[in-house]
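These notes are about the structure you will find just below.
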Amino acid sequence: MDKNSSIYKTVLLGVVCAVAGVLLAVVNSITAPVIAENEIAAVKQNLIAIYPDVSDFKDISEDALKDEETGLVDAVYQAGDKGYIFSCHNVGYTADGFTFLIGYNNDGTVSGYTVLSQKETAGKGSLAFEGDYVDEVMTLTAEDDMPLISGATITTKAVGEAVKAAQAVFATLQ
């Protein structure tokens with residue numbers, strides 16, 4: 001076969017693509033479990049921050065979120081027999097939005113509230129994930145509205161919307 005013919009080049013390109021596809025599939029099958037394990041380990045550190053005395057966390061997102069309509073709750077974890085932790089997100093003042101965890105004990109009291117990522121305005125919207133605000137959230141229950149911060153109303157309203165979605169899911173779990 002002539003190496004300059006279009007048929008030869010087409011067959012050669014097909015063989016190269018097939019080999020590359022097989023190699024990519026092999027590498028993916030090797031690295032996918034490691035990546036998934038690392039993601040779970042990163043999440044578990046945050047879950048342990050909310051429930052330090054629990055070692056058995058179960059991802060119940062598939063069942064718990066089947067009727068969740070807002071799309072603001074990303075995941076639900078059962079913390080042994082203590083309560084539930086909700087991973088939520090929303091968009092506040094900045095278009096980048098934020099992601100946070102809020103946990104509820106079985107009696108409905110807040111067990112923890114921590115930010116995973118946020119790029120809200122420093123000293124304004126960022127206050128929704130810091131100090132006094134976190135302390136105030138820790139006094140709430142699953143039936144309370146999230147407090148607002150003057151000057152960070154957009155961010156705290158967005159946090160409140162995501163928390164309401166988590167509270168609705170929590171109500172179905174009780």
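Identifiers in this document derive from the order of the structure tokens: chains are assigned A, B, ..., residues are numbered from 1 separately in each chain, and ligands are numbered from 1 in order of occurrence.
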Give the helix (DSSP H, G or I) residues of chain A, as DSSP finds them on the backbone, and put them as a PyMOL selection string.
-> chain A and resi 6-50+61-64+125-129+131-137+153-173
Residues just named, written with C-alpha atoms as an mmCIF file, in the first residue's frame:
```cif
data_model
loop_
_atom_site.group_PDB
_atom_site.id
_atom_site.type_symbol
_atom_site.label_atom_id
_atom_site.label_comp_id
_atom_site.auth_asym_id
_atom_site.auth_seq_id
_atom_site.Cartn_x
_atom_site.Cartn_y
_atom_site.Cartn_z
ATOM 1 C CA SER A 6 -5.655 8.703 1.317
ATOM 2 C CA ILE A 7 -6.783 5.179 2.236
ATOM 3 C CA TYR A 8 -3.494 4.481 4.039
ATOM 4 C CA LYS A 9 -3.693 7.789 5.903
ATOM 5 C CA THR A 10 -7.312 7.140 6.890
ATOM 6 C CA VAL A 11 -6.531 3.643 8.195
ATOM 7 C CA LEU A 12 -3.455 4.923 10.045
ATOM 8 C CA LEU A 13 -5.464 7.724 11.651
ATOM 9 C CA GLY A 14 -8.161 5.226 12.663
ATOM 10 C CA VAL A 15 -5.598 2.912 14.269
ATOM 11 C CA VAL A 16 -3.936 5.788 16.144
ATOM 12 C CA CYS A 17 -7.347 6.977 17.428
ATOM 13 C CA ALA A 18 -8.329 3.477 18.519
ATOM 14 C CA VAL A 19 -5.058 2.977 20.403
ATOM 15 C CA ALA A 20 -5.367 6.396 22.038
ATOM 16 C CA GLY A 21 -8.965 5.618 23.050
ATOM 17 C CA VAL A 22 -7.981 2.285 24.596
ATOM 18 C CA LEU A 23 -5.079 3.889 26.486
ATOM 19 C CA LEU A 24 -7.346 6.672 27.761
ATOM 20 C CA ALA A 25 -9.895 4.120 28.972
ATOM 21 C CA VAL A 26 -7.196 2.150 30.805
ATOM 22 C CA VAL A 27 -5.791 5.276 32.489
ATOM 23 C CA ASN A 28 -9.311 6.364 33.463
ATOM 24 C CA SER A 29 -10.101 2.977 35.000
ATOM 25 C CA ILE A 30 -6.929 3.219 37.080
ATOM 26 C CA THR A 31 -7.320 6.836 38.230
ATOM 27 C CA ALA A 32 -11.120 7.102 38.665
ATOM 28 C CA PRO A 33 -11.273 5.175 41.964
ATOM 29 C CA VAL A 34 -8.348 7.186 43.371
ATOM 30 C CA ILE A 35 -10.009 10.471 42.420
ATOM 31 C CA ALA A 36 -13.330 9.378 43.954
ATOM 32 C CA GLU A 37 -11.574 8.276 47.147
ATOM 33 C CA ASN A 38 -9.791 11.634 47.427
ATOM 34 C CA GLU A 39 -13.080 13.506 46.960
ATOM 35 C CA ILE A 40 -14.726 11.467 49.722
ATOM 36 C CA ALA A 41 -11.741 12.058 52.022
ATOM 37 C CA ALA A 42 -11.945 15.824 51.443
ATOM 38 C CA VAL A 43 -15.667 15.862 52.185
ATOM 39 C CA LYS A 44 -15.225 13.647 55.239
ATOM 40 C CA GLN A 45 -12.854 16.167 56.826
ATOM 41 C CA ASN A 46 -15.586 18.796 56.608
ATOM 42 C CA LEU A 47 -18.227 16.395 57.911
ATOM 43 C CA ILE A 48 -16.034 15.525 60.887
ATOM 44 C CA ALA A 49 -15.716 19.253 61.633
ATOM 45 C CA ILE A 50 -19.490 19.313 62.206
ATOM 46 C CA SER A 61 -28.256 12.167 48.523
ATOM 47 C CA GLU A 62 -29.868 9.986 45.888
ATOM 48 C CA ASP A 63 -32.918 9.151 48.010
ATOM 49 C CA ALA A 64 -33.076 12.377 50.023
ATOM 50 C CA GLY A 125 -20.756 39.255 52.099
ATOM 51 C CA SER A 126 -17.917 37.205 53.532
ATOM 52 C CA LEU A 127 -19.334 37.977 56.994
ATOM 53 C CA ALA A 128 -22.071 35.414 56.271
ATOM 54 C CA PHE A 129 -19.447 32.723 56.808
ATOM 55 C CA GLY A 131 -17.437 34.736 63.459
ATOM 56 C CA ASP A 132 -20.563 36.332 64.908
ATOM 57 C CA TYR A 133 -22.817 35.200 62.077
ATOM 58 C CA VAL A 134 -21.694 31.571 62.451
ATOM 59 C CA ASP A 135 -22.249 31.847 66.210
ATOM 60 C CA GLU A 136 -25.775 33.158 65.604
ATOM 61 C CA VAL A 137 -26.551 30.368 63.106
ATOM 62 C CA THR A 153 -28.339 41.425 52.353
ATOM 63 C CA ILE A 154 -27.932 39.815 48.938
ATOM 64 C CA THR A 155 -25.499 37.221 50.259
ATOM 65 C CA THR A 156 -27.435 36.427 53.425
ATOM 66 C CA LYS A 157 -30.717 36.170 51.505
ATOM 67 C CA ALA A 158 -29.036 33.704 49.147
ATOM 68 C CA VAL A 159 -27.698 31.724 52.119
ATOM 69 C CA GLY A 160 -31.219 31.748 53.564
ATOM 70 C CA GLU A 161 -32.711 30.393 50.322
ATOM 71 C CA ALA A 162 -30.261 27.496 50.286
ATOM 72 C CA VAL A 163 -30.869 26.800 53.974
ATOM 73 C CA LYS A 164 -34.654 26.769 53.414
ATOM 74 C CA ALA A 165 -34.119 24.133 50.735
ATOM 75 C CA ALA A 166 -32.020 22.097 53.182
ATOM 76 C CA GLN A 167 -34.680 22.544 55.896
ATOM 77 C CA ALA A 168 -37.346 21.219 53.526
ATOM 78 C CA VAL A 169 -35.261 18.133 52.827
ATOM 79 C CA PHE A 170 -34.557 17.730 56.559
ATOM 80 C CA ALA A 171 -38.309 17.816 57.235
ATOM 81 C CA THR A 172 -38.831 14.890 54.856
ATOM 82 C CA LEU A 173 -36.130 12.895 56.646
#
```
Can you list, as a PyMOL selection string, every residue of chain A that DSSP puts in strand (DSSP E or B)?
-> chain A and resi 57-59+73-79+83-90+98-105+109-118+141
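Going from atom CA of Ile60 of chain A over to atom CA of Ala75 of chain A, you cover 7.7 Å.
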Have a look at A:Leu140, A:Val73, A:Tyr104, A:Ser87 and name the one nearest to Ser117 of chain A; count only C-alpha atoms.
-> A:Ser87
So how many Å separate atom CA of Gln174 of chain A and atom CA of Asn106 of chain A, to one decimal?
-> 7.6 Å
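The two atoms in question, atom CA of Lys124 of chain A and atom CA of Gly97 of chain A, are spaced 14.2 Å apart.
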Leaving out Thr114 of chain A and any residue of its chain fewer than 3 positions from it, which residues lie within 7 Å of it when counting only C-alpha atoms, given as an MDAnalysis selection string?
-> chainID A and resid 100:102 129
